[in-house]
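As provided, model25.pdb (PDB, C-alpha atoms and all ligand atoms) reads as follows.
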ATOM      1  CA  MET A  85      82.511  19.757  88.735
ATOM      2  CA  LYS A  86      85.491  18.274  90.543
ATOM      3  CA  VAL A  87      87.225  19.650  93.564
ATOM      4  CA  GLN A  88      90.884  19.000  94.117
ATOM      5  CA  TRP A  89      92.291  19.427  97.596
ATOM      6  CA  ASP A  90      95.041  22.051  97.817
ATOM      7  CA  GLU A  91      96.762  23.990 100.611
ATOM      8  CA  SER A  92      93.905  26.485 100.784
ATOM      9  CA  TYR A  93      91.874  23.631 102.357
ATOM     10  CA  SER A  94      94.436  22.909 105.047
ATOM     11  CA  VAL A  95      93.128  23.045 108.604
ATOM     12  CA  GLY A  96      96.655  22.869 110.010
ATOM     13  CA  VAL A  97      96.232  19.324 111.300
ATOM     14  CA  ARG A  98      97.792  16.633 109.121
ATOM     15  CA  GLU A  99      95.468  13.783 109.974
ATOM     16  CA  MET A 100      92.385  15.925 109.313
ATOM     17  CA  ASP A 101      93.821  17.171 106.016
ATOM     18  CA  LYS A 102      94.328  13.549 104.974
ATOM     19  CA  GLN A 103      90.749  12.682 105.870
ATOM     20  CA  HIS A 104      89.439  15.677 103.925
ATOM     21  CA  GLN A 105      91.508  14.623 100.912
ATOM     22  CA  ARG A 106      89.945  11.175 101.115
ATOM     23  CA  LEU A 107      86.467  12.712 101.229
ATOM     24  CA  PHE A 108      87.112  14.633  98.027
ATOM     25  CA  GLU A 109      88.533  11.472  96.464
ATOM     26  CA  ILE A 110      85.363   9.515  97.141
ATOM     27  CA  ILE A 111      83.193  12.351  95.782
ATOM     28  CA  ASN A 112      85.360  12.473  92.655
ATOM     29  CA  GLU A 113      85.070   8.707  92.259
ATOM     30  CA  TYR A 114      81.323   9.112  92.464
ATOM     31  CA  ALA A 115      81.400  11.906  89.849
ATOM     32  CA  ASP A 116      83.499   9.685  87.561
ATOM     33  CA  ALA A 117      81.123   6.775  87.993
ATOM     34  CA  LEU A 118      78.196   9.029  87.083
ATOM     35  CA  GLU A 119      79.978  10.293  83.973
ATOM     36  CA  GLN A 120      80.808   6.781  82.884
ATOM     37  CA  ASN A 121      77.229   5.639  83.444
ATOM     38  CA  HIS A 122      78.084   2.981  85.948
ATOM     39  CA  ALA A 123      75.396   0.675  87.270
ATOM     40  CA  PRO A 124      73.126   2.019  90.027
ATOM     41  CA  GLU A 125      74.609  -0.569  92.411
ATOM     42  CA  THR A 126      78.079   0.905  91.928
ATOM     43  CA  LEU A 127      76.792   4.418  92.553
ATOM     44  CA  MET A 128      74.967   3.261  95.659
ATOM     45  CA  GLU A 129      78.073   1.512  96.912
ATOM     46  CA  LEU A 130      80.090   4.714  96.535
ATOM     47  CA  LEU A 131      77.434   6.761  98.293
ATOM     48  CA  ASN A 132      77.418   4.293 101.169
ATOM     49  CA  GLN A 133      81.183   4.431 101.306
ATOM     50  CA  LEU A 134      80.987   8.205 101.420
ATOM     51  CA  LYS A 135      78.393   8.113 104.183
ATOM     52  CA  ASP A 136      80.485   5.727 106.281
ATOM     53  CA  PHE A 137      83.721   7.622 105.799
ATOM     54  CA  THR A 138      82.057  10.989 106.470
ATOM     55  CA  HIS A 139      80.513   9.591 109.629
ATOM     56  CA  TRP A 140      83.866   8.234 110.788
ATOM     57  CA  HIS A 141      85.634  11.512 109.972
ATOM     58  CA  PHE A 142      83.075  13.556 111.921
ATOM     59  CA  ASN A 143      83.505  11.235 114.892
ATOM     60  CA  GLU A 144      87.252  11.753 114.765
ATOM     61  CA  GLU A 145      86.858  15.547 114.857
ATOM     62  CA  GLU A 146      84.264  15.330 117.609
ATOM     63  CA  LYS A 147      86.482  13.017 119.653
ATOM     64  CA  TYR A 148      89.137  15.765 119.730
ATOM     65  CA  PHE A 149      86.494  18.393 120.527
ATOM     66  CA  ARG A 150      85.779  16.476 123.730
ATOM     67  CA  VAL A 151      89.402  15.775 124.626
ATOM     68  CA  PHE A 152      90.467  19.397 124.019
ATOM     69  CA  ARG A 153      87.214  20.893 125.392
ATOM     70  CA  TYR A 154      86.733  22.842 122.183
ATOM     71  CA  VAL A 155      84.444  25.806 122.891
ATOM     72  CA  ASP A 156      82.582  25.839 119.575
ATOM     73  CA  ALA A 157      81.850  22.117 119.574
ATOM     74  CA  ASP A 158      78.041  22.230 119.870
ATOM     75  CA  VAL A 159      77.270  24.158 116.698
ATOM     76  CA  HIS A 160      79.925  22.255 114.780
ATOM     77  CA  ILE A 161      78.485  18.878 115.833
ATOM     78  CA  MET A 162      74.993  20.001 114.790
ATOM     79  CA  THR A 163      76.320  20.924 111.354
ATOM     80  CA  HIS A 164      77.858  17.458 111.020
ATOM     81  CA  ALA A 165      74.582  15.786 111.924
ATOM     82  CA  LYS A 166      72.745  17.805 109.271
ATOM     83  CA  LEU A 167      75.084  16.653 106.532
ATOM     84  CA  ILE A 168      74.766  13.009 107.544
ATOM     85  CA  ASP A 169      70.975  13.471 107.384
ATOM     86  CA  ARG A 170      71.256  14.902 103.881
ATOM     87  CA  ILE A 171      73.345  11.969 102.666
ATOM     88  CA  PHE A 172      70.827   9.550 104.207
ATOM     89  CA  GLU A 173      68.019  11.424 102.438
ATOM     90  CA  TYR A 174      69.782  11.068  99.093
ATOM     91  CA  ILE A 175      70.353   7.365  99.671
ATOM     92  CA  GLU A 176      66.707   6.832 100.634
ATOM     93  CA  LYS A 177      65.470   8.782  97.601
ATOM     94  CA  ILE A 178      67.601   6.725  95.251
ATOM     95  CA  LYS A 179      66.490   3.489  96.922
ATOM     96  CA  SER A 180      62.856   4.463  96.461
ATOM     97  CA  GLY A 181      63.495   4.909  92.750
ATOM     98  CA  GLU A 182      63.396   8.677  92.686
ATOM     99  CA  THR A 183      65.597  10.210  90.024
ATOM    100  CA  ILE A 184      67.963  12.904  91.141
ATOM    101  CA  ALA A 185      69.614  15.185  88.617
ATOM    102  CA  ASP A 186      73.022  13.630  87.947
ATOM    103  CA  GLN A 187      75.213  16.404  89.204
ATOM    104  CA  GLU A 188      72.986  17.471  92.079
ATOM    105  CA  ILE A 189      74.603  15.271  94.724
ATOM    106  CA  VAL A 190      78.140  16.013  93.531
ATOM    107  CA  THR A 191      77.547  19.762  93.444
ATOM    108  CA  PHE A 192      75.883  19.715  96.840
ATOM    109  CA  LEU A 193      78.643  17.667  98.482
ATOM    110  CA  ASN A 194      81.480  19.649  96.973
ATOM    111  CA  SER A 195      80.072  23.010  97.941
ATOM    112  CA  TRP A 196      79.076  21.803 101.397
ATOM    113  CA  LEU A 197      82.504  20.337 102.039
ATOM    114  CA  THR A 198      84.375  23.375 100.745
ATOM    115  CA  TYR A 199      82.251  25.690 102.839
ATOM    116  CA  HIS A 200      82.523  23.484 105.923
ATOM    117  CA  ILE A 201      86.278  22.921 105.760
ATOM    118  CA  LYS A 202      87.167  26.522 104.965
ATOM    119  CA  GLY A 203      84.576  28.161 107.177
ATOM    120  CA  THR A 204      84.014  25.815 110.111
ATOM    121  CA  ASP A 205      86.813  23.232 110.373
ATOM    122  CA  LYS A 206      89.554  25.852 110.076
ATOM    123  CA  GLN A 207      88.259  27.390 113.289
ATOM    124  CA  TYR A 208      89.509  24.449 115.366
ATOM    125  CA  MET A 209      93.054  24.874 114.047
ATOM    126  CA  GLU A 210      94.219  27.057 116.916
ATOM    127  CA  CYS A 211      92.661  24.870 119.595
ATOM    128  CA  PHE A 212      93.997  21.610 118.102
ATOM    129  CA  ASN A 213      97.450  23.101 117.495
ATOM    130  CA  GLN A 214      97.635  24.453 121.032
ATOM    131  CA  ASN A 215      96.888  20.969 122.297
ATOM    132  CA  GLY A 216      99.793  19.610 120.303
ATOM    133  CA  LEU A 217      97.866  18.200 117.338
ATOM    134  CA  VAL A 218      99.469  19.536 114.174
TER
HETATM  135 FE    FE B 301      86.164  17.972 108.626
HETATM  136 FE    FE B 302      83.837  19.389 110.728
END
Whole structure, structure tokens version:
Amino acid sequence: MKVQWDESYSVGVREMDKQHQRLFEIINEYADALEQNHAPETLMELLNQLKDFTHWHFNEEEKYFRVFRYVDADVHIMTHAKLIDRIFEYIEKIKSGETIADQEIVTFLNSWLTYHIKGTDKQYMECFNQNGLV
């Protein structure tokens, strides 16, 4: 299952939309690599790339939460930390040789990201916009 970014994912802040698009791109690259039976090293590399980019993206959002004194920051930051934990768990499982159903990671990431962007990220739109970030 692939997810393509469209306007319904927009959080009204260009730089965050771009970062979300990149996240979906990496997940789609991972899904492609799975389909094409790429070597485990390639898959691991993509997962690591995803982990690093996700981490960086969350830090960017959280940086603005602090600067703009965003009121709902605490819960949002906790949600971010949980996802990073999940990605780490997947990476550790794969490293330890555990087999994970091919589409499990892709399905999990896509649904998490869709839910998070549409449900949680969109909530900072007003605050960011009011502080001049559009
Ligand atoms: Fe986000
Ligand atoms: Fe977020």
Residues matched by the PyMOL selection byres (((not hetatm)) within 12 of (chain B and resi 301)) as an NGL selection string:
:A and (93-108 or 137-146 or 148-149 or 160-161 or 163-164 or 167 or 196-209)
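Distances to ligand FE 302 (chain B) were evaluated for A:Asn213, A:Gln187, A:Tyr174, A:Ile168 using all atoms listed in the file, and the minimum falls at A:Ile168.
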With the PyMOL selection byres (((chain A and resi 85) around 12) and not hetatm) as the selection, what would be picked from this file? Answer as number ranges by chain, please.
A: 86-88, 108, 111-116, 118-119, 186-195
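In this structure, CA of Phe152 in chain A sits 26.3 Å away from CA of Asp169 in chain A.
Proximity ranking of A:Glu173, A:Asp158, A:Glu210, A:Glu182 relative to ligand FE 302 (chain B) places A:Asp158 first, based on all atoms listed in the file.
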In Å, how far is it from CA of Gln133 in chain A to CA of Ala117 in chain A?
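Calculated distance between CA of Gln133 in chain A and CA of Ala117 in chain A is 13.5 Å.
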So which one's closest to Cys211 in chain A, A:Asp156, A:Met162, A:Ile178, A:Phe172? Using only C-alpha atoms, please.
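The shortest atom-to-atom distance to Cys211 in chain A comes from A:Asp156.
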Quote the spacing between CA of Asn132 in chain A and CA of Thr183 in chain A in Å to one decimal place.
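CA of Thr183 in chain A lies 17.3 Å from CA of Asn132 in chain A.
Of the residues listed (A:Lys177, A:Lys147, A:Arg153, A:His122), A:Lys147 shows the shortest atom-to-atom separation from ligand FE 302 (chain B); distances use all atoms listed in the file.
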Counting all atoms listed in the file, the residue of A:Val159, A:Ile171, A:Val151, A:Leu134 that sits nearest ligand FE 302 (chain B):
A:Val159
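Residue nearest ligand FE 302 (chain B) within the list A:Ala165, A:Gly216, A:Trp89, A:Ala123: A:Ala165 [criterion: smallest interatomic distance, all atoms listed in the file].
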